[in-house]
Structures are given as structure tokens and as C-alpha cells.
file protein39.cif (mmCIF, C-alpha atoms and all ligand atoms)
data_my_file
#
loop_
_atom_site.label_atom_id
_atom_site.label_comp_id
_atom_site.auth_asym_id
_atom_site.auth_seq_id
_atom_site.Cartn_x
_atom_site.Cartn_y
_atom_site.Cartn_z
CA MET A 492 -33.04 -6.69 -20.04
CA VAL A 493 -30.38 -5.66 -22.48
CA SER A 494 -28.26 -3.00 -20.82
CA GLU A 495 -28.55 0.49 -22.18
CA ARG A 496 -24.84 0.82 -21.79
CA SER A 497 -23.41 0.32 -25.23
CA LEU A 498 -20.26 -1.61 -26.00
CA PRO A 499 -17.26 0.60 -26.73
CA VAL A 500 -16.41 0.57 -30.41
CA PHE A 501 -12.90 -0.61 -31.25
CA ASP A 502 -11.35 0.44 -34.52
CA THR A 503 -9.61 -2.70 -35.80
CA ALA A 504 -7.75 -0.58 -38.35
CA SER A 505 -5.78 0.88 -35.42
CA VAL A 506 -3.95 -2.41 -34.78
CA SER A 507 -2.07 -4.86 -36.88
CA ILE A 508 -1.28 -8.34 -35.70
CA THR A 509 0.84 -11.02 -37.26
CA LYS A 510 -0.60 -14.28 -38.47
CA GLU A 511 1.16 -16.02 -35.60
CA GLU A 512 -0.40 -13.73 -32.99
CA GLY A 513 -3.80 -14.12 -34.61
CA LEU A 514 -3.63 -17.89 -34.62
CA THR A 515 -2.35 -17.96 -31.03
CA LEU A 516 -5.33 -15.91 -29.87
CA TYR A 517 -7.79 -17.96 -31.92
CA GLU A 518 -6.40 -21.30 -30.77
CA ASP A 519 -6.41 -20.22 -27.14
CA MET A 520 -10.06 -19.15 -27.32
CA VAL A 521 -11.04 -22.43 -28.99
CA LEU A 522 -9.13 -24.34 -26.32
CA GLY A 523 -11.09 -22.51 -23.63
CA ARG A 524 -14.45 -23.08 -25.30
CA LEU A 525 -14.02 -26.76 -26.14
CA PHE A 526 -12.52 -27.49 -22.74
CA GLU A 527 -15.55 -25.99 -20.98
CA ASP A 528 -18.01 -27.83 -23.24
CA LYS A 529 -16.30 -31.11 -22.38
CA CYS A 530 -16.35 -30.15 -18.72
CA ALA A 531 -20.12 -29.76 -18.80
CA GLU A 532 -20.44 -33.18 -20.41
CA MET A 533 -18.20 -34.81 -17.80
CA TYR A 534 -19.96 -33.04 -14.91
CA TYR A 535 -23.37 -34.28 -16.02
CA ARG A 536 -21.88 -37.77 -16.38
CA GLY A 537 -20.89 -37.58 -12.70
CA LYS A 538 -17.14 -37.42 -13.24
CA MET A 539 -16.61 -34.33 -11.11
CA PHE A 540 -18.14 -32.99 -7.92
CA GLY A 541 -18.83 -29.68 -6.23
CA PHE A 542 -19.54 -26.42 -7.97
CA VAL A 543 -18.21 -25.99 -11.50
CA HIS A 544 -18.36 -22.52 -13.08
CA LEU A 545 -17.81 -22.34 -16.81
CA TYR A 546 -16.30 -19.49 -18.81
CA ASN A 547 -18.10 -19.87 -22.18
CA GLY A 548 -18.54 -16.47 -23.83
CA GLN A 549 -15.76 -14.71 -21.93
CA GLU A 550 -12.81 -16.27 -23.81
CA ALA A 551 -11.65 -13.04 -25.45
CA VAL A 552 -10.83 -11.61 -22.03
CA SER A 553 -8.62 -14.47 -20.88
CA SER A 554 -6.85 -14.87 -24.23
CA GLY A 555 -6.54 -11.15 -24.99
CA ILE A 556 -5.04 -10.32 -21.61
CA ILE A 557 -2.90 -13.37 -20.84
CA LYS A 558 -1.42 -13.66 -24.33
CA ALA A 559 -0.04 -10.12 -23.87
CA LEU A 560 2.01 -11.36 -20.88
CA LYS A 561 5.43 -12.99 -20.66
CA PRO A 562 4.72 -16.48 -19.31
CA ASP A 563 8.14 -16.87 -17.71
CA ARG A 564 7.78 -13.87 -15.42
CA ASP A 565 4.20 -12.57 -15.19
CA TYR A 566 1.60 -13.69 -12.64
CA VAL A 567 -2.12 -14.39 -13.04
CA SER A 568 -4.73 -14.66 -10.31
CA SER A 569 -8.25 -15.87 -10.92
CA THR A 570 -11.59 -16.63 -9.30
CA TYR A 571 -13.68 -19.80 -9.03
CA ARG A 572 -14.30 -19.37 -12.82
CA ASP A 573 -10.70 -20.30 -13.38
CA HIS A 574 -10.24 -23.22 -15.82
CA VAL A 575 -9.71 -21.04 -18.86
CA HIS A 576 -7.37 -18.58 -17.10
CA ALA A 577 -5.28 -21.63 -16.19
CA LEU A 578 -5.28 -22.86 -19.79
CA SER A 579 -4.34 -19.44 -21.21
CA SER A 580 -1.53 -19.30 -18.63
CA GLY A 581 -0.09 -22.48 -20.13
CA VAL A 582 -1.25 -25.09 -17.62
CA PRO A 583 -1.71 -28.21 -19.80
CA ALA A 584 -5.35 -29.16 -20.46
CA LYS A 585 -4.74 -32.64 -19.06
CA GLU A 586 -3.62 -31.20 -15.72
CA VAL A 587 -6.66 -28.92 -15.51
CA MET A 588 -9.01 -31.79 -16.41
CA ALA A 589 -7.31 -34.13 -13.93
CA GLU A 590 -7.77 -31.49 -11.23
CA LEU A 591 -11.48 -31.37 -12.05
CA PHE A 592 -11.62 -35.14 -11.66
CA GLY A 593 -9.87 -34.82 -8.27
CA LYS A 594 -6.87 -36.84 -9.44
CA SER A 595 -3.31 -36.66 -8.08
CA THR A 596 -1.99 -35.61 -11.52
CA GLY A 597 -4.09 -32.43 -11.42
CA CYS A 598 -2.35 -29.06 -11.28
CA SER A 599 -3.32 -28.75 -7.59
CA LYS A 600 -2.61 -32.45 -7.03
CA GLY A 601 -6.31 -33.24 -6.79
CA ARG A 602 -6.71 -31.15 -3.62
CA GLY A 603 -8.31 -28.11 -5.22
CA GLY A 604 -10.91 -29.10 -7.77
CA SER A 605 -12.66 -26.72 -10.11
CA MET A 606 -12.35 -23.55 -8.02
CA HIS A 607 -8.71 -23.89 -6.96
CA MET A 608 -6.49 -24.29 -9.99
CA PHE A 609 -2.89 -23.49 -9.10
CA SER A 610 0.48 -23.78 -10.77
CA ALA A 611 3.70 -22.35 -9.40
CA GLU A 612 5.42 -23.34 -12.66
CA HIS A 613 3.00 -21.27 -14.73
CA LYS A 614 2.84 -18.44 -12.20
CA LEU A 615 -0.87 -19.03 -11.68
CA LEU A 616 -1.57 -17.68 -8.21
CA GLY A 617 -4.78 -19.62 -7.94
CA GLY A 618 -8.48 -19.73 -8.37
CA TYR A 619 -10.36 -18.56 -5.25
CA ALA A 620 -13.78 -19.64 -4.06
CA PHE A 621 -14.41 -16.50 -2.02
CA VAL A 622 -15.49 -13.54 -4.08
CA ALA A 623 -12.64 -10.96 -4.31
CA GLU A 624 -10.23 -13.20 -2.41
CA GLY A 625 -7.66 -13.12 -5.20
CA ILE A 626 -7.42 -9.31 -5.25
CA PRO A 627 -5.20 -8.94 -2.15
CA VAL A 628 -3.13 -11.98 -3.14
CA ALA A 629 -2.44 -10.52 -6.59
CA THR A 630 -1.67 -7.13 -5.05
CA GLY A 631 0.86 -8.86 -2.80
CA ALA A 632 2.45 -10.60 -5.79
CA ALA A 633 2.83 -7.26 -7.55
CA PHE A 634 4.31 -5.77 -4.39
CA GLN A 635 6.95 -8.51 -4.15
CA SER A 636 8.00 -7.96 -7.80
CA LYS A 637 8.56 -4.29 -7.11
CA TYR A 638 10.22 -4.93 -3.74
CA ARG A 639 12.66 -7.41 -5.25
CA ARG A 640 13.62 -4.98 -7.97
CA GLU A 641 13.79 -1.75 -6.02
CA VAL A 642 14.79 -2.86 -2.54
CA LEU A 643 16.67 -6.12 -3.10
CA GLY A 644 18.23 -4.90 -6.35
CA GLU A 645 17.07 -7.84 -8.50
CA ALA A 646 17.09 -6.08 -11.86
CA ASN A 647 15.32 -8.93 -13.68
CA SER A 648 12.32 -8.81 -11.32
CA ASP A 649 10.07 -6.94 -13.74
CA GLY A 650 7.05 -9.25 -13.57
CA VAL A 651 3.56 -7.88 -14.10
CA THR A 652 0.57 -9.34 -12.25
CA VAL A 653 -2.90 -9.66 -13.75
CA CYS A 654 -5.81 -10.00 -11.36
CA PHE A 655 -9.11 -11.23 -12.82
CA PHE A 656 -12.41 -10.89 -10.97
CA GLY A 657 -16.09 -10.24 -11.61
CA ASP A 658 -18.45 -7.26 -11.49
CA GLY A 659 -19.87 -8.59 -8.21
CA ALA A 660 -16.40 -8.66 -6.67
CA SER A 661 -15.89 -5.00 -7.56
CA ASN A 662 -18.42 -4.07 -4.83
CA ASN A 663 -16.32 -5.82 -2.21
CA GLY A 664 -14.12 -3.81 0.17
CA GLN A 665 -10.93 -5.59 -0.88
CA PHE A 666 -11.27 -4.07 -4.35
CA PHE A 667 -11.11 -0.53 -2.98
CA GLU A 668 -8.39 -1.19 -0.41
CA CYS A 669 -6.15 -2.89 -2.94
CA LEU A 670 -6.63 -0.29 -5.66
CA ASN A 671 -5.65 2.33 -3.14
CA MET A 672 -2.43 0.51 -2.23
CA ALA A 673 -1.58 -0.34 -5.83
CA ALA A 674 -1.92 3.29 -6.90
CA LEU A 675 -0.08 4.59 -3.82
CA TRP A 676 2.87 2.27 -4.39
CA LYS A 677 2.68 2.28 -8.22
CA LEU A 678 2.51 -1.50 -8.31
CA PRO A 679 2.98 -3.41 -11.60
CA ILE A 680 -0.56 -4.83 -11.70
CA ILE A 681 -3.56 -4.89 -14.01
CA TYR A 682 -6.95 -5.36 -12.37
CA VAL A 683 -9.28 -6.93 -14.93
CA VAL A 684 -12.97 -6.84 -14.07
CA GLU A 685 -14.90 -9.28 -16.23
CA ASN A 686 -18.25 -7.49 -16.14
CA ASN A 687 -20.62 -10.21 -17.33
CA LYS A 688 -23.57 -8.20 -15.94
CA TRP A 689 -24.50 -10.75 -13.29
CA ALA A 690 -23.33 -11.95 -9.89
CA ILE A 691 -25.24 -15.24 -9.75
CA GLY A 692 -28.80 -13.83 -9.96
CA MET A 693 -27.98 -10.24 -9.00
CA ALA A 694 -27.94 -7.84 -11.95
CA HIS A 695 -24.92 -5.54 -11.86
CA GLU A 696 -26.93 -2.31 -12.07
CA ARG A 697 -29.01 -3.35 -9.04
CA ALA A 698 -25.94 -3.98 -6.91
CA THR A 699 -23.70 -1.01 -7.57
CA SER A 700 -24.03 2.70 -6.96
CA SER A 701 -22.25 3.55 -10.18
CA GLU A 702 -22.48 1.18 -13.13
CA LYS A 703 -19.21 2.03 -14.88
CA ILE A 704 -16.60 0.16 -12.89
CA TYR A 705 -13.63 1.51 -14.84
CA GLU A 706 -14.50 5.03 -13.66
CA LYS A 707 -13.82 3.95 -10.08
CA ALA A 708 -10.09 3.97 -10.94
CA ARG A 709 -10.15 7.75 -11.19
CA VAL A 710 -10.49 8.38 -7.45
CA PHE A 711 -7.22 6.55 -6.94
CA GLY A 712 -5.50 8.46 -9.74
CA MET A 713 -5.25 5.21 -11.67
CA PRO A 714 -5.92 4.85 -15.41
CA GLY A 715 -9.20 3.01 -15.99
CA TYR A 716 -10.54 1.74 -19.32
CA GLU A 717 -13.62 -0.05 -20.58
CA VAL A 718 -13.22 -2.49 -23.43
CA ASP A 719 -15.46 -4.72 -25.54
CA GLY A 720 -14.76 -8.03 -23.88
CA MET A 721 -16.20 -9.92 -26.85
CA ASP A 722 -13.48 -8.52 -29.11
CA VAL A 723 -10.15 -10.22 -28.52
CA LEU A 724 -8.24 -7.70 -30.60
CA ALA A 725 -9.54 -4.81 -28.53
CA VAL A 726 -8.66 -6.62 -25.30
CA TYR A 727 -5.22 -7.68 -26.56
CA SER A 728 -4.34 -4.21 -27.72
CA LEU A 729 -5.41 -2.57 -24.43
CA ALA A 730 -3.56 -5.28 -22.47
CA GLN A 731 -0.33 -4.59 -24.34
CA GLU A 732 -0.48 -0.92 -23.33
CA ALA A 733 -1.27 -1.70 -19.70
CA VAL A 734 1.49 -4.35 -19.51
CA ALA A 735 4.04 -1.94 -20.97
CA ARG A 736 3.03 0.73 -18.46
CA ALA A 737 3.30 -1.67 -15.53
CA ARG A 738 6.64 -3.11 -16.66
CA ALA A 739 8.07 0.38 -17.13
CA GLY A 740 7.31 1.16 -13.49
CA ASP A 741 4.40 3.48 -14.27
CA GLY A 742 1.93 1.65 -12.07
CA PRO A 743 -1.43 -0.11 -12.17
CA THR A 744 -4.39 -0.07 -14.57
CA LEU A 745 -8.03 -0.99 -14.10
CA VAL A 746 -9.64 -2.66 -17.12
CA GLU A 747 -13.38 -3.27 -17.27
CA ALA A 748 -14.13 -5.84 -19.96
CA LEU A 749 -17.82 -5.92 -20.93
CA THR A 750 -18.67 -9.52 -21.53
CA TYR A 751 -21.27 -12.22 -20.92
CA ARG A 752 -21.34 -15.80 -19.77
CA PHE A 753 -23.21 -18.03 -22.21
CA ARG A 754 -24.19 -20.53 -19.51
CA GLY A 755 -25.68 -20.33 -16.03
CA HIS A 756 -23.63 -19.15 -13.05
CA SER A 757 -22.53 -22.72 -12.35
CA LEU A 758 -23.51 -26.06 -13.79
CA ALA A 759 -26.05 -26.32 -10.95
CA ASP A 760 -27.83 -23.14 -12.11
CA PRO A 761 -30.89 -23.67 -14.34
CA ASP A 762 -30.28 -20.14 -15.71
CA GLU A 763 -33.92 -19.07 -15.64
CA LEU A 764 -33.41 -15.46 -14.54
CA ARG A 765 -31.76 -13.88 -17.54
CA ALA A 766 -34.02 -12.66 -20.33
CA PRO A 767 -33.89 -14.50 -23.68
CA GLU A 768 -33.38 -11.19 -25.54
CA GLU A 769 -30.34 -10.44 -23.42
CA LYS A 770 -28.86 -13.86 -24.15
CA GLU A 771 -29.52 -13.43 -27.87
CA PHE A 772 -27.87 -10.01 -27.88
CA TRP A 773 -24.66 -11.44 -26.47
CA ASN A 774 -24.73 -14.79 -28.29
CA ALA A 775 -24.67 -12.82 -31.54
CA ARG A 776 -21.33 -11.38 -30.37
CA ASP A 777 -19.60 -14.73 -29.88
CA PRO A 778 -15.90 -13.74 -29.62
CA ILE A 779 -14.62 -16.84 -31.41
CA LYS A 780 -16.90 -16.47 -34.43
CA LYS A 781 -16.13 -12.76 -34.57
CA PHE A 782 -12.38 -13.23 -34.49
CA GLY A 783 -12.44 -16.20 -36.88
CA ALA A 784 -14.28 -14.03 -39.42
CA TYR A 785 -11.73 -11.24 -38.90
CA LEU A 786 -8.79 -13.58 -39.55
CA VAL A 787 -10.36 -14.83 -42.77
CA GLU A 788 -11.32 -11.34 -43.93
CA LYS A 789 -7.78 -10.04 -43.36
CA ASN A 790 -6.26 -13.08 -45.11
CA LEU A 791 -4.47 -14.06 -41.91
CA ALA A 792 -6.02 -17.53 -42.06
CA SER A 793 -8.30 -19.58 -44.29
CA SER A 794 -11.41 -21.26 -42.93
CA ASP A 795 -9.72 -24.61 -43.59
CA GLU A 796 -6.85 -23.59 -41.31
CA LEU A 797 -9.30 -22.57 -38.60
CA ASN A 798 -11.16 -25.89 -38.94
CA GLU A 799 -7.85 -27.71 -38.57
CA ILE A 800 -7.18 -25.82 -35.33
CA ASP A 801 -10.64 -26.76 -34.02
CA LYS A 802 -9.95 -30.43 -34.79
CA LYS A 803 -6.46 -30.34 -33.26
CA ILE A 804 -7.83 -28.83 -30.05
CA GLN A 805 -10.62 -31.40 -29.86
CA VAL A 806 -7.91 -34.09 -29.82
CA VAL A 807 -6.12 -32.27 -27.00
CA ILE A 808 -9.37 -32.19 -24.99
CA ASP A 809 -10.14 -35.86 -25.61
CA GLU A 810 -6.61 -36.78 -24.54
CA ALA A 811 -7.06 -34.66 -21.41
CA VAL A 812 -10.18 -36.64 -20.47
CA ASN A 813 -8.41 -39.98 -21.02
CA PHE A 814 -5.47 -38.77 -18.93
CA ALA A 815 -7.79 -37.63 -16.13
CA GLN A 816 -9.76 -40.85 -16.20
CA GLU A 817 -6.68 -43.07 -16.07
CA SER A 818 -4.86 -41.05 -13.40
CA PRO A 819 -4.79 -42.26 -9.78
CA GLU A 820 -6.69 -40.67 -6.90
CA PRO A 821 -4.53 -38.86 -4.33
CA ASP A 822 -3.04 -41.36 -1.87
CA PRO A 823 -4.85 -41.13 1.51
CA SER A 824 -1.50 -41.55 3.27
CA GLU A 825 -0.58 -38.11 1.84
CA LEU A 826 -3.63 -36.38 3.29
CA HIS A 827 -1.52 -33.92 5.28
CA ARG A 828 0.92 -33.12 2.48
CA PHE A 829 0.88 -29.80 0.62
CA ILE A 830 -0.76 -27.93 3.48
CA PHE A 831 2.52 -26.14 4.07
CA ALA A 832 5.28 -25.44 1.55
CA GLU A 833 7.86 -28.17 1.29
CA ASP A 834 11.57 -27.79 0.78
CA ASP A 835 12.69 -29.24 -2.54
C1 LIG A 901 -17.15 -13.59 0.01
C2 LIG A 901 -18.20 -14.34 -0.75
N1 LIG A 901 -19.49 -13.95 -0.68
C3 LIG A 901 -20.44 -14.60 -1.39
C4 LIG A 901 -20.11 -15.70 -2.13
C5 LIG A 901 -21.18 -16.42 -2.96
N2 LIG A 901 -20.96 -16.12 -4.37
C6 LIG A 901 -20.33 -16.99 -5.19
S1 LIG A 901 -20.17 -16.41 -6.73
C7 LIG A 901 -20.96 -14.97 -6.36
C8 LIG A 901 -21.19 -13.93 -7.43
C9 LIG A 901 -19.98 -13.21 -7.89
O1 LIG A 901 -20.21 -12.59 -9.11
P1 LIG A 901 -19.09 -11.91 -9.97
O2 LIG A 901 -18.04 -11.34 -9.08
O3 LIG A 901 -19.76 -10.95 -10.90
O4 LIG A 901 -18.40 -13.10 -10.79
P2 LIG A 901 -19.03 -14.04 -11.92
O5 LIG A 901 -19.60 -15.24 -11.21
O6 LIG A 901 -20.05 -13.29 -12.65
O7 LIG A 901 -17.87 -14.46 -12.75
C10 LIG A 901 -21.34 -14.96 -5.02
C11 LIG A 901 -22.07 -13.86 -4.38
C12 LIG A 901 -18.75 -16.11 -2.17
N3 LIG A 901 -18.33 -17.13 -2.90
N4 LIG A 901 -17.81 -15.40 -1.48
MG MG A 902 -20.37 -11.27 -12.86
#

call {"tool": "encode", "arguments": {"input": "protein39.cif", "output": "C-alpha cells"}}
result
Amino acid sequence: MVSERSLPVFDTASVSITKEEGLTLYEDMVLGRLFEDKCAEMYYRGKMFGFVHLYNGQEAVSSGIIKALKPDRDYVSSTYRDHVHALSSGVPAKEVMAELFGKSTGCSKGRGGSMHMFSAEHKLLGGYAFVAEGIPVATGAAFQSKYRREVLGEANSDGVTVCFFGDGASNNGQFFECLNMAALWKLPIIYVVENNKWAIGMAHERATSSEKIYEKARVFGMPGYEVDGMDVLAVYSLAQEAVARARAGDGPTLVEALTYRFRGHSLADPDELRAPEEKEFWNARDPIKKFGAYLVEKNLASSDELNEIDKKIQVVIDEAVNFAQESPEPDPSELHRFIFAEDD
């Protein structure tokens, strides 16, 4: 079924972006899409094991939110659908691919695999296999930023944390507990629900008492917004406001991005439950095609330039696969390493 809830309309005339910003957003979305397509290919060729959840269709959310952050100070936490959040956060494609291959050069040193991307360097707090598990971790990260600034007097501790999770996770108790604390303590955090309408085979409207997740912010006195998650400009512009609010000390925001995954829940899912009309409705709103057309229409890029970006990114992805393939497995003698933090 196609939801009766209509996508919020975003007036593109209300924002202006530079060519550089536009190309950054476009390139990041293409990176996410082509990476995931290659992932599917490698999975079906038996190069990676375990569950692999792809992000195709949702790229505008990752790019629009994360590209509004400052990579040197802001934190991101993810879910098991985490490859593209890692890429947008700046983790090199070859390190994400190597992690998927279980190699020691992966961003989690081959210990995590698809659902546990992590990078201290890129302030990626991790992908989490348990639904909603990242919400308290991200809330803690936001708390430490505020504590360092206000209690320890570290003036430059003005990091903002973004916490991504799904519609299904928003029915979990940790969502409500953490929103309460974040609002109470005015934490610098943005909770981003990627409402792709499904939690595996459970339709969102069958699982929740109240369909509009962003409205749940109101009971905590927190600003809550819905946004067209297929429109990177709309997401980017809302993210900039929420980031500014958090950095200024004005507290958290809940963002509900309405989006859709173009593939099954995981690569093991035959995707037989969702109606063809629903898939067509969302496929017609492909965020990359939509934004590419916008860039051309506004003379921010020519279609040749966009094709060049696509080609450049394909090279990056192919190099990532070669790197992953040629990298060594983790050394069995190091089995017990990285369980606890090590001193440098
Ligand atoms: C605590 C917990 N319960 C159940 C599961 C099984 N499970 C894995 S994914 C998923 C659906 C979550 O859907 P959603 O939060 O909407 O995220 P999406 O997969 O759509 O990105 C469930 C129930 C789990 N991983 N963790
Ligand atoms: Mg979902």
C-alpha cells in the first residue's frame, strides 16, 4: 500500500547552495549508491558473510545530515544499515569494503563486519546490530560534549551528535528514555529517524500507536520536524538549522525523514511483502536523479560533470574492492586484542 501520508513539500526557492556544496552532496550520494550496488555483487559472489543491510534509496538522509556537520568535532551513530553513514562521515570506501570482507585493514579491523562499522578518527560511534542500541550511546556522546564544555571548562568542546535509527526503533523504550534525558539536559544532539515505512516485514502503521514520529518530540518539549527524505536539499537545510541550534546550546531536535529502501531488508530478504505500486511510487522519487536534475536546471553542474563524478566514484569503488581482496585476514594471534581500549 502507498501510505496516505503525503510527503512534506519543500520549497527549493527558499535555499541557495553553492556549486561546491551541491557537488559534495551529489558525489556523496553517488558514493553511497555505487558502494551498496558493489556490495550486493560481492555478497552474492560469496565475498562477505552474515547479514548485510543496504541503504539504496535513503542516500539523501545520510548525505543531507552528515554534510551539515563539522567532521573534526561532530559525532555520528548508526544502526546495522551503516555502510553509507560511515562513508558520509569520511571513512574511506576501501576501509568500509575491507571491513565487509572481514579483513584486518577494515575500519573495525575485521572484527565488526557489515553491522559494526566504527572509526574513532572519523567520530563514527558505530553501527549497532540491536535495534535502538545506538540511541543511548549517542545520547552519552552528546552528554560528554556538554559536560566537557560546561563542567570541565573546555571551551572548544562544542561537538554535535547525530543519531540515526529506523521507524521500528522509534517504538523501542530507549527512544523515549533518551529523548527525555536529552530534552531535560538540553543536549547537543539530533535524533534522525529514517522512516522507510518498514521494520523488516512489519509496516510502520501496524506497529505504532501514532504514525507521525516527529510529533512524539512535543511531549518532551523538543522541536520535531518531518522532512522529505528523498530530497537532499530539504534534509540539508533542516540539518543546518538543527546543528546550529545544538551547537548554540539550545538543545536537541527530532527529525523524521520520510524515505524508502529500494532493496529488501537485508540481502537475504527476497522482498516479497511490499506492494509493487508502493515500490514504484518511491522509485520515481530517486534522490540522486532528483538532485542531479536540480543541479543541471540551476546551472550548478552540467550533465557531463555529473557523469564524470559517477565515473570517478566507480573507480574509487573498484579500488576499494581490490584493496579489500588483497588485504590480510586478522591474525589469529591477535584474537583477544581490541576487546578493551589500549593505551597508545
Ligand atoms: C532489540 C532487537 N530486536 C529485534 C531485532 C531484529 N530486527 C533486526 S532489524 C529489525 C527491524 C528494524 O526496523 P527499523 O528500525 O525500521 O530499521 P530499518 O531496517 O528499516 O532500517 C528487527 C526487528 C534486533 N536486531 N534487535
Ligand atoms: Mg524501517

call {"tool": "axis_aligned_box", "arguments": {"input": "protein39.cif", "around": "ligand LIG 901 (chain A)", "padding_each_side": "3 Å", "output": "AutoDock Vina command-line options"}}
result
--center_x -19.6 --center_y -14.0 --center_z -6.4 --size_x 10.9 --size_y 12.2 --size_z 18.8

call {"tool": "closest_residue", "arguments": {"input": "protein39.cif", "among": "A:Leu758, A:Val506, A:Leu724, A:Ile556", "to": "A:Arg572", "atoms": "only C-alpha atoms"}}
result
A:Leu758

call {"tool": "residues_near_ligand", "arguments": {"input": "protein39.cif", "ligand": "ligand MG 902 (chain A)", "cutoff": "6 Å", "atoms": "all atoms listed in the file", "output": "list of chain:residue names"}}
result
A:Gly657, A:Asp658, A:Gly659, A:Asn686, A:Asn687, A:Lys688, A:Trp689, A:Ala690

call {"tool": "write_last_selection", "arguments": {"input": "protein39.cif", "atoms": "C-alpha atoms", "output": "short mmCIF file (atom, residue, chain, number, x, y, z; two decimals), in the coordinates of the input"}}
result
data_model
loop_
_atom_site.label_atom_id
_atom_site.label_comp_id
_atom_site.auth_asym_id
_atom_site.auth_seq_id
_atom_site.Cartn_x
_atom_site.Cartn_y
_atom_site.Cartn_z
CA GLY A 657 -16.09 -10.24 -11.61
CA ASP A 658 -18.45 -7.26 -11.49
CA GLY A 659 -19.87 -8.59 -8.21
CA ASN A 686 -18.25 -7.49 -16.14
CA ASN A 687 -20.62 -10.21 -17.33
CA LYS A 688 -23.57 -8.20 -15.94
CA TRP A 689 -24.50 -10.75 -13.29
CA ALA A 690 -23.33 -11.95 -9.89
#

call {"tool": "residues_near_ligand", "arguments": {"input": "protein39.cif", "ligand": "ligand LIG 901 (chain A)", "cutoff": "10 Å", "atoms": "all atoms listed in the file", "output": "MDAnalysis selection string"}}
result
chainID A and resid 542 544:546 549 569:573 619:624 655:663 684:695 750:752 755:757

call {"tool": "residues_around", "arguments": {"input": "protein39.cif", "residues": "A:Pro778", "least_positions_apart": "6", "cutoff": "8 Å", "atoms": "all atoms listed in the file", "output": "JSON, numbers by chain"}}
result
{"A": [548, 549, 550, 551, 721, 722, 723]}

call {"tool": "atom_distance", "arguments": {"input": "protein39.cif", "atom1": "atom CA of A:Val628", "atom2": "atom CA of A:Lys614"}}
result
12.6 Å

call {"tool": "residues_around", "arguments": {"input": "protein39.cif", "residues": "A:Val567", "least_positions_apart": "2", "cutoff": "8 Å", "atoms": "all atoms listed in the file", "output": "PDB file with C-alpha atoms, in the coordinates of the input"}}
result
ATOM      1  CA  ILE A 557      -2.900 -13.370 -20.840  1.00  0.00           C
ATOM      2  CA  ASP A 565       4.200 -12.570 -15.190  1.00  0.00           C
ATOM      3  CA  SER A 569      -8.250 -15.870 -10.920  1.00  0.00           C
ATOM      4  CA  HIS A 576      -7.370 -18.580 -17.100  1.00  0.00           C
ATOM      5  CA  SER A 580      -1.530 -19.300 -18.630  1.00  0.00           C
ATOM      6  CA  LYS A 614       2.840 -18.440 -12.200  1.00  0.00           C
ATOM      7  CA  LEU A 615      -0.870 -19.030 -11.680  1.00  0.00           C
ATOM      8  CA  LEU A 616      -1.570 -17.680  -8.210  1.00  0.00           C
ATOM      9  CA  GLY A 617      -4.780 -19.620  -7.940  1.00  0.00           C
ATOM     10  CA  ALA A 629      -2.440 -10.520  -6.590  1.00  0.00           C
ATOM     11  CA  THR A 652       0.570  -9.340 -12.250  1.00  0.00           C
ATOM     12  CA  VAL A 653      -2.900  -9.660 -13.750  1.00  0.00           C
ATOM     13  CA  CYS A 654      -5.810 -10.000 -11.360  1.00  0.00           C
ATOM     14  CA  PHE A 655      -9.110 -11.230 -12.820  1.00  0.00           C
TER      15      PHE A 655
END

call {"tool": "closest_residue", "arguments": {"input": "protein39.cif", "among": "A:Gly742, A:Ala735, A:Val726, A:Asp719", "to": "A:Leu498", "atoms": "all atoms listed in the file"}}
result
A:Asp719

call {"tool": "closest_residue", "arguments": {"input": "protein39.cif", "among": "A:Glu518, A:Glu645, A:Glu732, A:Asp760", "to": "A:Leu560", "atoms": "only C-alpha atoms"}}
result
A:Glu732

call {"tool": "atom_distance", "arguments": {"input": "protein39.cif", "atom1": "atom CA of A:Trp676", "atom2": "atom CA of A:Gln731"}}
result
21.3 Å

call {"tool": "closest_residue", "arguments": {"input": "protein39.cif", "among": "A:Ile681, A:Leu525, A:Ala577, A:Ala589", "to": "A:Pro821", "atoms": "only C-alpha atoms"}}
result
A:Ala589

call {"tool": "atom_distance", "arguments": {"input": "protein39.cif", "atom1": "atom CA of A:Ala698", "atom2": "atom CA of A:Asn671"}}
result
21.6 Å
